[in-house]
file protein-v5.txt (compact mmCIF, C-alpha atoms)
# COMPACT_ATOMS: atom_id res chain seq x y z
CA MET A 1 31.05 30.87 75.93
CA LYS A 2 32.41 27.51 74.79
CA ILE A 3 30.83 24.44 76.39
CA LEU A 4 32.16 20.86 76.42
CA ILE A 5 29.47 18.14 76.55
CA VAL A 6 30.71 14.73 77.75
CA ASP A 7 28.43 11.68 77.47
CA ASP A 8 29.00 8.22 76.03
CA PHE A 9 25.59 8.23 74.32
CA SER A 10 25.50 10.39 71.22
CA THR A 11 21.72 10.81 71.57
CA MET A 12 22.16 12.44 74.98
CA ARG A 13 24.98 14.69 73.71
CA ARG A 14 22.68 15.79 70.91
CA ILE A 15 19.78 16.48 73.30
CA ILE A 16 21.97 18.56 75.62
CA LYS A 17 23.53 20.36 72.64
CA ASN A 18 20.07 21.29 71.28
CA LEU A 19 18.82 22.43 74.70
CA LEU A 20 21.93 24.58 75.16
CA ARG A 21 21.36 26.08 71.71
CA ASP A 22 17.79 26.96 72.76
CA LEU A 23 19.27 28.70 75.79
CA GLY A 24 21.52 30.74 73.52
CA PHE A 25 24.73 28.73 73.86
CA ASN A 26 25.74 27.96 70.30
CA ASN A 27 29.39 27.11 70.79
CA THR A 28 29.61 23.50 71.97
CA VAL A 29 32.11 20.66 71.57
CA GLU A 30 31.59 17.01 72.44
CA ALA A 31 33.53 14.10 73.95
CA ASP A 32 32.38 10.58 74.73
CA ASP A 33 34.19 10.00 78.02
CA GLY A 34 36.66 11.51 80.45
CA LEU A 35 39.69 10.27 78.56
CA THR A 36 38.73 12.09 75.38
CA ALA A 37 37.42 15.11 77.30
CA LEU A 38 40.60 15.83 79.25
CA PRO A 39 42.84 16.67 76.25
CA ILE A 40 40.11 18.98 74.91
CA LEU A 41 39.94 20.74 78.28
CA GLN A 42 43.72 20.91 78.58
CA ALA A 43 43.96 22.44 75.11
CA GLY A 44 42.14 25.40 76.66
CA GLY A 45 39.21 27.61 75.70
CA ILE A 46 36.44 25.60 77.43
CA ASP A 47 34.37 27.82 79.73
CA PHE A 48 31.88 25.30 81.00
CA LEU A 49 31.82 21.50 81.32
CA VAL A 50 28.65 19.38 81.22
CA THR A 51 29.38 15.73 81.98
CA ASP A 52 27.68 12.38 82.49
CA TRP A 53 28.88 10.10 85.31
CA ASN A 54 28.61 6.53 84.02
CA MET A 55 30.93 6.21 81.03
CA PRO A 56 33.43 3.58 79.90
CA GLY A 57 37.08 4.65 80.02
CA MET A 58 37.16 7.57 82.44
CA GLN A 59 33.99 8.23 84.42
CA GLY A 60 32.51 11.67 85.01
CA ILE A 61 33.40 11.73 88.70
CA ASP A 62 37.05 11.06 87.86
CA LEU A 63 36.96 13.71 85.15
CA LEU A 64 35.60 16.17 87.72
CA LYS A 65 38.41 15.27 90.15
CA ALA A 66 41.00 15.58 87.37
CA VAL A 67 39.66 19.03 86.44
CA ARG A 68 39.74 20.23 90.04
CA ALA A 69 43.26 18.84 90.47
CA ASP A 70 44.56 20.66 87.39
CA GLU A 71 45.75 24.15 88.23
CA LYS A 72 44.71 25.60 84.87
CA LEU A 73 41.25 23.96 84.84
CA ALA A 74 40.39 24.03 88.55
CA THR A 75 37.92 26.92 88.32
CA THR A 76 35.98 25.60 85.30
CA PRO A 77 32.30 25.26 86.28
CA VAL A 78 31.12 21.65 86.02
CA LEU A 79 27.51 20.48 85.69
CA MET A 80 26.89 16.75 86.21
CA VAL A 81 23.96 15.37 84.18
CA THR A 82 23.51 11.74 85.17
CA ALA A 83 21.20 8.84 86.00
CA GLU A 84 23.26 8.13 89.15
CA THR A 85 20.99 8.86 92.11
CA LYS A 86 22.58 7.25 95.17
CA ARG A 87 23.07 9.62 98.08
CA GLU A 88 26.76 8.68 98.44
CA GLN A 89 27.29 9.53 94.80
CA ILE A 90 25.67 12.96 95.01
CA ILE A 91 27.61 13.75 98.19
CA THR A 92 30.87 12.55 96.61
CA ALA A 93 30.24 14.74 93.56
CA ALA A 94 29.49 17.73 95.78
CA GLN A 95 32.63 17.17 97.81
CA ALA A 96 34.67 16.81 94.62
CA GLY A 97 33.50 20.31 93.70
CA VAL A 98 30.63 19.87 91.25
CA ASN A 99 28.71 23.11 90.56
CA GLY A 100 25.37 21.51 89.71
CA TYR A 101 23.81 18.04 89.67
CA VAL A 102 20.95 17.21 87.29
CA VAL A 103 19.36 13.74 87.31
CA LYS A 104 18.19 12.04 84.13
CA PRO A 105 15.56 12.09 82.82
CA PHE A 106 15.44 15.87 83.14
CA THR A 107 13.41 18.75 81.73
CA ALA A 108 14.60 21.72 79.72
CA ALA A 109 13.50 23.94 82.62
CA THR A 110 15.68 22.05 85.12
CA LEU A 111 18.74 22.30 82.89
CA LYS A 112 18.16 26.02 82.41
CA GLU A 113 17.62 26.59 86.13
CA LYS A 114 20.86 24.81 87.11
CA ILE A 115 22.90 26.56 84.43
CA ASP A 116 21.47 29.96 85.43
CA LYS A 117 22.30 29.27 89.06
CA ILE A 118 25.88 28.30 88.22
CA PHE A 119 26.47 31.51 86.30
CA GLU A 120 24.71 33.64 88.92
CA ARG A 121 27.16 32.33 91.50
CA ILE A 122 30.13 32.90 89.23
CA ASP A 123 28.98 36.45 88.46
CA ALA A 124 28.50 37.11 92.18
CA GLN A 125 32.12 36.20 92.90
CA MET B 1 50.77 -50.18 92.64
CA ASP B 2 54.25 -51.51 91.83
CA ILE B 3 54.40 -53.43 95.09
CA ASN B 4 51.00 -54.88 94.25
CA LYS B 5 52.24 -55.85 90.81
CA ALA B 6 55.33 -57.51 92.30
CA VAL B 7 53.10 -59.49 94.70
CA GLN B 8 50.92 -60.54 91.76
CA LEU B 9 53.95 -61.62 89.69
CA ASP B 10 55.39 -63.60 92.61
CA ALA B 11 52.04 -65.29 93.21
CA ALA B 12 51.67 -66.08 89.47
CA ARG B 13 55.12 -67.61 89.29
CA ALA B 14 54.52 -69.62 92.49
CA LEU B 15 51.16 -70.77 91.05
CA ILE B 16 52.83 -72.11 87.89
CA THR B 17 55.52 -73.86 89.93
CA ALA B 18 52.87 -75.38 92.21
CA LEU B 19 50.73 -76.53 89.26
CA GLU B 20 53.78 -78.09 87.54
CA ALA B 21 54.67 -79.81 90.77
CA ASP B 22 51.01 -80.97 91.18
CA ASP B 23 51.00 -79.23 94.58
CA ASP B 24 47.25 -78.50 94.83
CA GLN B 25 47.39 -76.90 98.25
CA GLN B 26 50.15 -74.47 97.23
CA ALA B 27 48.32 -73.63 93.94
CA GLN B 28 45.13 -72.87 95.88
CA GLN B 29 47.02 -70.59 98.22
CA GLN B 30 48.63 -68.60 95.38
CA LEU B 31 45.26 -68.20 93.67
CA VAL B 32 43.82 -66.64 96.85
CA ILE B 33 46.75 -64.19 96.98
CA LEU B 34 46.15 -63.22 93.33
CA THR B 35 42.40 -62.64 93.83
CA GLN B 36 42.93 -60.60 96.96
CA SER B 37 45.44 -58.30 95.30
CA LYS B 38 42.98 -57.71 92.43
CA GLU B 39 40.20 -56.89 94.89
CA SER B 40 42.33 -54.38 96.78
CA GLU B 41 43.07 -52.67 93.46
CA LEU B 42 39.32 -52.42 92.78
CA PHE B 43 38.66 -50.98 96.25
CA HIS B 44 41.42 -48.47 95.66
CA GLU B 45 39.82 -47.36 92.38
CA VAL B 46 36.36 -47.06 93.99
CA GLY B 47 37.89 -45.02 96.78
CA LYS B 48 39.56 -42.71 94.30
CA LEU B 49 36.30 -42.18 92.39
CA THR B 50 34.44 -41.45 95.62
CA ARG B 51 36.98 -38.84 96.61
CA GLU B 52 36.79 -37.18 93.20
CA LEU B 53 33.02 -37.09 93.37
CA HIS B 54 33.19 -35.58 96.85
CA GLU B 55 35.62 -32.89 95.68
CA ALA B 56 33.45 -32.09 92.68
CA MET B 57 30.41 -31.73 94.94
CA SER B 58 32.27 -29.45 97.34
CA ASN B 59 33.53 -27.32 94.48
CA PHE B 60 29.99 -27.07 93.29
CA ASN B 61 28.92 -25.77 96.70
CA VAL B 62 31.84 -23.37 96.89
CA ASP B 63 30.77 -21.65 93.68
CA SER B 64 28.32 -19.39 95.50
CA ARG B 65 28.56 -16.71 92.82
CA LEU B 66 26.53 -18.99 90.59
CA VAL B 67 23.88 -19.30 93.29
CA ASP B 68 23.97 -15.54 93.75
CA LEU B 69 23.54 -15.08 90.01
CA THR B 70 20.47 -17.28 89.89
CA THR B 71 18.79 -16.00 93.06
CA ASN B 72 19.62 -12.28 92.85
CA ASP B 73 20.98 -11.16 89.51
CA MET B 74 18.56 -13.07 87.32
CA PRO B 75 15.37 -11.64 88.90
CA ASN B 76 17.13 -8.26 88.93
CA THR B 77 17.80 -8.62 85.22
CA ARG B 78 14.15 -9.38 84.62
CA GLU B 79 13.33 -6.08 86.37
CA ARG B 80 15.95 -4.28 84.30
CA LEU B 81 14.55 -5.58 81.05
CA ASN B 82 11.06 -4.62 82.19
CA TYR B 83 12.42 -1.15 82.93
CA VAL B 84 13.69 -1.01 79.33
CA ILE B 85 10.22 -1.92 78.06
CA THR B 86 8.41 0.68 80.19
CA THR B 87 10.97 3.41 79.49
CA THR B 88 10.87 2.90 75.72
CA GLU B 89 7.08 2.62 75.83
CA ASP B 90 6.75 5.85 77.81
CA ALA B 91 9.12 7.67 75.46
CA ALA B 92 7.23 6.43 72.40
CA HIS B 93 3.88 7.51 73.87
CA LYS B 94 5.24 10.86 74.96
CA THR B 95 6.66 11.53 71.50
CA LEU B 96 3.45 10.43 69.75
CA GLU B 97 1.39 12.59 72.09
CA PHE B 98 3.44 15.68 71.26
CA ILE B 99 3.13 14.87 67.57
CA ASP B 100 -0.66 14.60 68.03
CA ASN B 101 -0.65 18.02 69.72
CA THR B 102 1.58 19.61 67.09
CA LEU B 103 -0.10 18.47 63.86
CA PRO B 104 -3.38 20.44 64.45
CA LEU B 105 -1.35 23.59 65.19
CA ALA B 106 0.41 23.30 61.83
CA SER B 107 -2.92 22.55 60.06
CA GLU B 108 -4.61 25.58 61.65
CA LEU B 109 -1.80 27.88 60.55
CA LYS B 110 -1.97 26.50 57.04
CA GLN B 111 -5.78 26.76 56.88
CA THR B 112 -5.86 30.41 57.95
CA ALA B 113 -2.94 31.24 55.65
CA ASP B 114 -4.85 29.67 52.71
CA ASN B 115 -7.94 31.79 53.49
CA ILE B 116 -5.95 34.99 53.78
CA GLU B 117 -4.06 34.19 50.59
CA GLN B 118 -7.33 33.84 48.65
CA SER B 119 -8.70 37.10 50.05
CA TRP B 120 -5.41 38.81 49.33
CA HIS B 121 -5.52 37.61 45.76
CA ARG B 122 -9.04 39.04 45.33
CA PHE B 123 -7.88 42.31 46.88
CA ARG B 124 -4.97 42.52 44.40
CA MET B 125 -7.34 41.82 41.53
CA LYS B 126 -9.52 44.69 42.86
CA GLU B 127 -12.44 42.32 43.33
CA MET B 128 -12.97 43.27 46.97
CA ASN B 129 -15.47 45.75 48.42
CA ALA B 130 -14.81 47.83 51.54
CA ASP B 131 -16.62 45.49 53.93
CA GLU B 132 -14.74 42.49 52.68
CA PHE B 133 -11.48 44.41 52.98
CA ARG B 134 -12.22 45.29 56.61
CA SER B 135 -13.00 41.66 57.33
CA MET B 136 -9.72 40.57 55.71
CA SER B 137 -7.79 43.14 57.76
CA LYS B 138 -9.29 41.75 60.95
CA GLU B 139 -8.39 38.23 59.87
CA ILE B 140 -4.76 39.21 59.21
CA GLU B 141 -4.58 41.07 62.52
CA ALA B 142 -5.79 38.00 64.40
CA TYR B 143 -3.54 35.69 62.39
CA LEU B 144 -0.20 37.30 63.23
CA PRO B 145 -0.30 36.71 67.03
CA GLU B 146 -1.68 33.24 66.33
CA VAL B 147 1.37 32.46 64.18
CA LYS B 148 3.61 33.54 67.05
CA GLN B 149 1.67 31.56 69.66
CA HIS B 150 1.48 28.43 67.54
CA SER B 151 5.16 28.62 66.60
CA ASP B 152 6.10 28.93 70.27
CA GLN B 153 3.92 25.92 71.07
CA ILE B 154 5.39 23.92 68.17
CA HIS B 155 8.88 24.79 69.35
CA ALA B 156 8.05 23.70 72.89
CA ASN B 157 6.50 20.44 71.65
CA LEU B 158 9.54 19.69 69.51
CA SER B 159 11.82 20.31 72.50
CA GLU B 160 9.78 17.84 74.54
CA MET B 161 10.02 15.27 71.76
CA MET B 162 13.76 15.77 71.71
CA LEU B 163 14.03 15.30 75.49
CA ALA B 164 11.96 12.14 75.27
CA GLN B 165 14.77 10.63 73.19
CA GLY B 166 16.85 10.51 76.39
CA PHE B 167 15.38 7.03 76.82
CA GLN B 168 18.11 5.73 74.53
CA ASP B 169 20.83 6.69 77.02
CA LEU B 170 18.90 5.37 80.04
CA THR B 171 17.95 2.03 78.48
CA GLY B 172 21.37 1.71 76.85
CA GLN B 173 23.05 1.86 80.27
CA VAL B 174 20.70 -0.84 81.57
CA ILE B 175 21.18 -3.08 78.53
CA ARG B 176 24.96 -2.84 78.94
CA GLN B 177 24.56 -4.16 82.50
CA VAL B 178 22.45 -7.04 81.21
CA ILE B 179 25.09 -7.87 78.60
CA SER B 180 27.81 -8.02 81.25
CA LEU B 181 25.57 -10.25 83.39
CA VAL B 182 25.00 -12.60 80.46
CA GLU B 183 28.77 -12.76 79.99
CA GLU B 184 29.24 -13.61 83.65
CA VAL B 185 26.60 -16.33 83.51
CA GLU B 186 28.33 -17.74 80.45
CA ASP B 187 31.69 -17.82 82.26
CA ASN B 188 30.13 -19.55 85.25
CA LEU B 189 28.39 -22.11 83.09
CA VAL B 190 31.67 -22.91 81.37
CA ARG B 191 33.25 -23.34 84.80
CA LEU B 192 30.36 -25.57 85.84
CA VAL B 193 30.90 -27.76 82.78
CA LYS B 194 34.59 -27.99 83.72
CA ILE B 195 33.69 -29.06 87.27
CA ALA B 196 31.28 -31.66 85.98
CA GLY B 197 33.91 -32.99 83.57
CA THR B 198 37.17 -32.85 85.50
CA HIS B 199 38.57 -30.95 88.47
CA VAL B 200 37.99 -27.26 88.73
CA GLU B 201 41.18 -25.29 88.15
CA ASP B 202 40.29 -21.90 89.46
CA LYS B 203 37.83 -21.20 92.20
CA PRO B 204 35.76 -18.05 91.65
CA LYS B 205 36.14 -15.08 93.92
CA ASN B 206 33.14 -14.89 96.21
CA ASP B 207 33.48 -11.51 97.80
CA LYS B 208 33.70 -8.50 95.54
CA PRO B 209 34.69 -5.35 97.40
CA VAL B 210 31.76 -2.95 97.58
CA ASP B 211 32.29 0.52 96.13
CA PRO B 212 29.55 2.85 97.39
CA ILE B 213 29.91 5.32 94.52
CA LYS B 214 30.28 2.79 91.71
CA ALA B 215 28.28 3.99 88.70
CA GLU B 216 25.09 1.94 88.44
CA GLY B 217 23.08 3.71 85.76
CA PRO B 218 19.37 4.38 86.26
CA GLN B 219 17.95 2.94 89.51
CA ILE B 220 15.25 0.43 88.64
CA ASN B 221 13.35 0.43 91.94
CA ALA B 222 14.30 3.82 93.31
CA SER B 223 11.22 4.09 95.55
CA ASP B 224 12.12 0.83 97.36
CA ASN B 225 15.64 2.00 98.15
CA PRO B 226 15.98 4.66 100.83
CA ASN B 227 19.57 5.31 99.78
CA VAL B 228 18.49 6.55 96.37
CA VAL B 229 16.96 9.92 95.52
CA ASN B 230 13.78 9.86 93.45
CA ASP B 231 13.86 13.13 91.57
CA GLN B 232 15.61 16.45 91.00
CA ASP B 233 13.93 18.01 94.06
CA GLU B 234 15.48 15.39 96.34
CA VAL B 235 18.89 15.98 94.75
CA ASP B 236 18.52 19.71 95.40
CA ASP B 237 17.39 19.06 98.99
CA LEU B 238 20.31 16.74 99.68
CA LEU B 239 22.82 19.20 98.24
CA SER B 240 21.39 22.18 100.10
CA SER B 241 21.38 20.15 103.34
CA LEU B 242 25.12 19.79 102.79
CA GLY B 243 25.48 23.52 102.30
CA PHE B 244 25.98 23.45 98.54
call {"tool": "encode", "arguments": {"input": "protein-v5.txt", "output": "structure tokens"}}
result
Amino acid sequence: MKILIVDDFSTMRRIIKNLLRDLGFNNTVEADDGLTALPILQAGGIDFLVTDWNMPGMQGIDLLKAVRADEKLATTPVLMVTAETKREQIITAAQAGVNGYVVKPFTAATLKEKIDKIFERIDAQ
Amino acid sequence: MDINKAVQLDAARALITALEADDDQQAQQQLVILTQSKESELFHEVGKLTRELHEAMSNFNVDSRLVDLTTNDMPNTRERLNYVITTTEDAAHKTLEFIDNTLPLASELKQTADNIEQSWHRFRMKEMNADEFRSMSKEIEAYLPEVKQHSDQIHANLSEMMLAQGFQDLTGQVIRQVISLVEEVEDNLVRLVKIAGTHVEDKPKNDKPVDPIKAEGPQINASDNPNVVNDQDEVDDLLSSLGF
């Protein structure tokens, strides 16, 4: 399981990377916004995408839309981990096809719960 | 202005002719014409200055973004910077608290390990009687689960400390917003200086289109805004209400 972590703050990427490692996911790659994430995704081999929303360059919501619009990437599960908490934003993300939405600051338990849920649903399909 | 100048020249020439001809009445008349034309030029200048002042004042009023900046964005920025202070303070306290909780666990493990090591040494040197040996066995038996428990707790505490570092992302987003506000204030002040000095060249745009999903970073006063969710539970509720 190879996971791409996208966040413009290296501290947050590191936190998510460490939490994922605790959950048994050791294979992670990082990108600092949508523009740098897309080529990594398009190169193939990414099984799961964890992305922030508010980033310079390409924002997380646009990355999500780009992933869903790309035939090869469309089914990649996407977890949004963000400080954006407006109702319109959460609804927009849901409609764009996000698989989970975690608000910052978050706990290790929340991250685990959302990831578990995403994979439960995928396994059920 | 040229017509005025021509009138002045004519009057001046006529004045000289009149003076040379000792025609007092004519000289007087030409002098009046000269003075009047000068006065009208002065009135014209005053009028021009008044109009410029009026335009400058209207431009000043038109620049409502500056008013908006001072009445809304500035107090908002104060709140944002206060948010940075509280968030960093909370994170520092949280981290220090977990350190406080972790240090005794490490000391306890070390203390018990020291004791067992000494007993073990005596056992190896065959200096231990049966009772002492039984006591050491019990100590070791109790120590092993304690090592596991304490290590789990230390791991959990370290994870919490790591999560607390998320403050850097949250405050960083807010500080970026403050930087862009400072830049905007700077631009507007430069424009204000231009207005005060000469005419304003470009009027600022007053109405920015509102984008409801524009990324805003952490919400500073989430509890005062009904359009904002307060925690993960509310996010989950909202999503499940939508059928996700």
call {"tool": "closest_residue", "arguments": {"input": "protein-v5.txt", "among": "A:Thr85, A:Asn18, A:Asn26, A:Thr107", "to": "Asn54 of chain A", "atoms": "only C-alpha atoms"}}
result
A:Thr85
call {"tool": "closest_atom_pairs", "arguments": {"input": "protein-v5.txt", "of": "chain B", "to": "chain A", "cutoff": "6 Å", "atoms": "only C-alpha atoms", "output": "tab-separated table"}}
result
residue	atom	partner	partner_atom	distance
B:Gly166	CA	A:Met12	CA	5.8
B:Asp169	CA	A:Phe9	CA	5.7
B:Ile213	CA	A:Gln89	CA	5.0
B:Ala215	CA	A:Asn54	CA	5.3
B:Gly217	CA	A:Ala83	CA	5.5
B:Pro218	CA	A:Ala83	CA	4.8
B:Asn227	CA	A:Arg87	CA	5.8
B:Val228	CA	A:Lys86	CA	4.3
B:Val229	CA	A:Thr85	CA	5.4
B:Gln232	CA	A:Val103	CA	5.9
call {"tool": "residues_around", "arguments": {"input": "protein-v5.txt", "residues": "segment 15-21 of chain B", "least_positions_apart": "4", "cutoff": "7 Å", "atoms": "only C-alpha atoms", "output": "PyMOL selection string"}}
result
chain B and resi 11+26-27+30-31
call {"tool": "closest_residue", "arguments": {"input": "protein-v5.txt", "among": "A:Asp70, A:Asp52, A:Asp62, A:Asp47", "to": "Ile122 of chain A", "atoms": "all atoms listed in the file"}}
result
A:Asp47
call {"tool": "residues_near_point", "arguments": {"input": "protein-v5.txt", "point": "(39.8, 22.8, 88.3)", "cutoff": "12 Å", "atoms": "all atoms listed in the file", "output": "mmCIF file with C-alpha atoms, in the frame of the given file"}}
result
data_model
loop_
_atom_site.group_PDB
_atom_site.id
_atom_site.type_symbol
_atom_site.label_atom_id
_atom_site.label_comp_id
_atom_site.auth_asym_id
_atom_site.auth_seq_id
_atom_site.Cartn_x
_atom_site.Cartn_y
_atom_site.Cartn_z
ATOM 1 C CA LEU A 38 40.600 15.830 79.250
ATOM 2 C CA LEU A 41 39.940 20.740 78.280
ATOM 3 C CA GLN A 42 43.720 20.910 78.580
ATOM 4 C CA ILE A 46 36.440 25.600 77.430
ATOM 5 C CA ASP A 47 34.370 27.820 79.730
ATOM 6 C CA PHE A 48 31.880 25.300 81.000
ATOM 7 C CA LEU A 49 31.820 21.500 81.320
ATOM 8 C CA LEU A 63 36.960 13.710 85.150
ATOM 9 C CA LEU A 64 35.600 16.170 87.720
ATOM 10 C CA LYS A 65 38.410 15.270 90.150
ATOM 11 C CA ALA A 66 41.000 15.580 87.370
ATOM 12 C CA VAL A 67 39.660 19.030 86.440
ATOM 13 C CA ARG A 68 39.740 20.230 90.040
ATOM 14 C CA ALA A 69 43.260 18.840 90.470
ATOM 15 C CA ASP A 70 44.560 20.660 87.390
ATOM 16 C CA GLU A 71 45.750 24.150 88.230
ATOM 17 C CA LYS A 72 44.710 25.600 84.870
ATOM 18 C CA LEU A 73 41.250 23.960 84.840
ATOM 19 C CA ALA A 74 40.390 24.030 88.550
ATOM 20 C CA THR A 75 37.920 26.920 88.320
ATOM 21 C CA THR A 76 35.980 25.600 85.300
ATOM 22 C CA PRO A 77 32.300 25.260 86.280
ATOM 23 C CA VAL A 78 31.120 21.650 86.020
ATOM 24 C CA ALA A 96 34.670 16.810 94.620
ATOM 25 C CA GLY A 97 33.500 20.310 93.700
ATOM 26 C CA VAL A 98 30.630 19.870 91.250
ATOM 27 C CA ASN A 99 28.710 23.110 90.560
#
call {"tool": "residues_near_point", "arguments": {"input": "protein-v5.txt", "point": "(49.2, -56.0, 92.9)", "cutoff": "9 Å", "atoms": "all atoms listed in the file", "output": "list in words"}}
result
Met1, Asp2, Ile3, Asn4, Lys5, Ala6, Val7, Gln8, Leu9, Leu34, Gln36, Ser37, Lys38, Ser40 and Glu41 of chain B
call {"tool": "atom_distance", "arguments": {"input": "protein-v5.txt", "atom1": "atom CA of Val182 of chain B", "atom2": "atom CA of Ile195 of chain B"}}
result
19.8 Å
call {"tool": "atom_distance", "arguments": {"input": "protein-v5.txt", "atom1": "atom CA of Thr171 of chain B", "atom2": "atom CA of Ala92 of chain B"}}
result
13.1 Å
call {"tool": "residues_around", "arguments": {"input": "protein-v5.txt", "residues": "segment 117-119 of chain B", "least_positions_apart": "5", "cutoff": "9 Å", "atoms": "all atoms listed in the file", "output": "number ranges by chain"}}
result
B: 112, 124, 128, 132-133, 136
call {"tool": "atom_distance", "arguments": {"input": "protein-v5.txt", "atom1": "atom CA of Gly45 of chain A", "atom2": "atom CA of Met1 of chain A"}}
result
8.8 Å
call {"tool": "residues_around", "arguments": {"input": "protein-v5.txt", "residues": "Glu146 of chain B", "least_positions_apart": "3", "cutoff": "12 Å", "atoms": "only C-alpha atoms", "output": "list of chain:residue names"}}
result
B:Leu105, B:Ala106, B:Glu108, B:Leu109, B:Lys110, B:Thr112, B:Ala113, B:Glu139, B:Ile140, B:Glu141, B:Ala142, B:Tyr143, B:Gln149, B:His150, B:Ser151, B:Asp152, B:Gln153, B:Ile154
call {"tool": "closest_residue", "arguments": {"input": "protein-v5.txt", "among": "B:Thr70, B:Ser159, B:Gln219, B:Gln111", "to": "Ala109 of chain A", "atoms": "all atoms listed in the file"}}
result
B:Ser159
call {"tool": "build_atoms", "arguments": {"input": "protein-v5.txt", "residues": "segment 211-225 of chain B", "atoms": "N, CA, C and O atoms", "output": "short mmCIF file (atom, residue, chain, number, x, y, z; two decimals), in the coordinates of the input"}}
result
data_model
loop_
_atom_site.label_atom_id
_atom_site.label_comp_id
_atom_site.auth_asym_id
_atom_site.auth_seq_id
_atom_site.Cartn_x
_atom_site.Cartn_y
_atom_site.Cartn_z
N ASP B 211 31.94 -0.88 96.33
CA ASP B 211 32.29 0.52 96.13
C ASP B 211 31.00 1.34 96.17
O ASP B 211 30.15 1.20 95.31
N PRO B 212 30.83 2.17 97.22
CA PRO B 212 29.55 2.85 97.39
C PRO B 212 29.22 3.84 96.28
O PRO B 212 28.05 4.18 96.09
N ILE B 213 30.23 4.33 95.56
CA ILE B 213 29.91 5.32 94.52
C ILE B 213 30.07 4.75 93.12
O ILE B 213 30.12 5.49 92.14
N LYS B 214 30.15 3.42 93.01
CA LYS B 214 30.28 2.79 91.71
C LYS B 214 29.08 3.19 90.84
O LYS B 214 27.94 3.14 91.30
N ALA B 215 29.36 3.57 89.59
CA ALA B 215 28.28 3.99 88.70
C ALA B 215 27.35 2.81 88.42
O ALA B 215 27.80 1.71 88.11
N GLU B 216 26.05 3.03 88.60
CA GLU B 216 25.09 1.94 88.44
C GLU B 216 24.06 2.20 87.36
O GLU B 216 23.20 1.37 87.10
N GLY B 217 24.10 3.38 86.75
CA GLY B 217 23.08 3.71 85.76
C GLY B 217 21.77 4.00 86.45
O GLY B 217 21.71 4.17 87.66
N PRO B 218 20.66 4.05 85.67
CA PRO B 218 19.37 4.38 86.26
C PRO B 218 18.99 3.36 87.34
O PRO B 218 19.21 2.18 87.16
N GLN B 219 18.43 3.84 88.46
CA GLN B 219 17.95 2.94 89.51
C GLN B 219 16.60 2.39 89.09
O GLN B 219 15.70 3.14 88.71
N ILE B 220 16.47 1.06 89.15
CA ILE B 220 15.25 0.43 88.64
C ILE B 220 14.10 0.55 89.63
O ILE B 220 12.98 0.86 89.27
N ASN B 221 14.41 0.32 90.93
CA ASN B 221 13.35 0.43 91.94
C ASN B 221 13.71 1.51 92.95
O ASN B 221 13.87 1.23 94.13
N ALA B 222 13.81 2.73 92.46
CA ALA B 222 14.30 3.82 93.31
C ALA B 222 13.43 3.99 94.55
O ALA B 222 13.93 4.24 95.64
N SER B 223 12.11 3.81 94.42
CA SER B 223 11.22 4.09 95.55
C SER B 223 11.39 3.06 96.67
O SER B 223 11.05 3.32 97.81
N ASP B 224 11.92 1.86 96.33
CA ASP B 224 12.12 0.83 97.36
C ASP B 224 13.45 0.99 98.07
O ASP B 224 13.73 0.29 99.03
N ASN B 225 14.30 1.88 97.59
CA ASN B 225 15.64 2.00 98.15
C ASN B 225 15.81 3.37 98.80
O ASN B 225 15.86 4.38 98.13
#
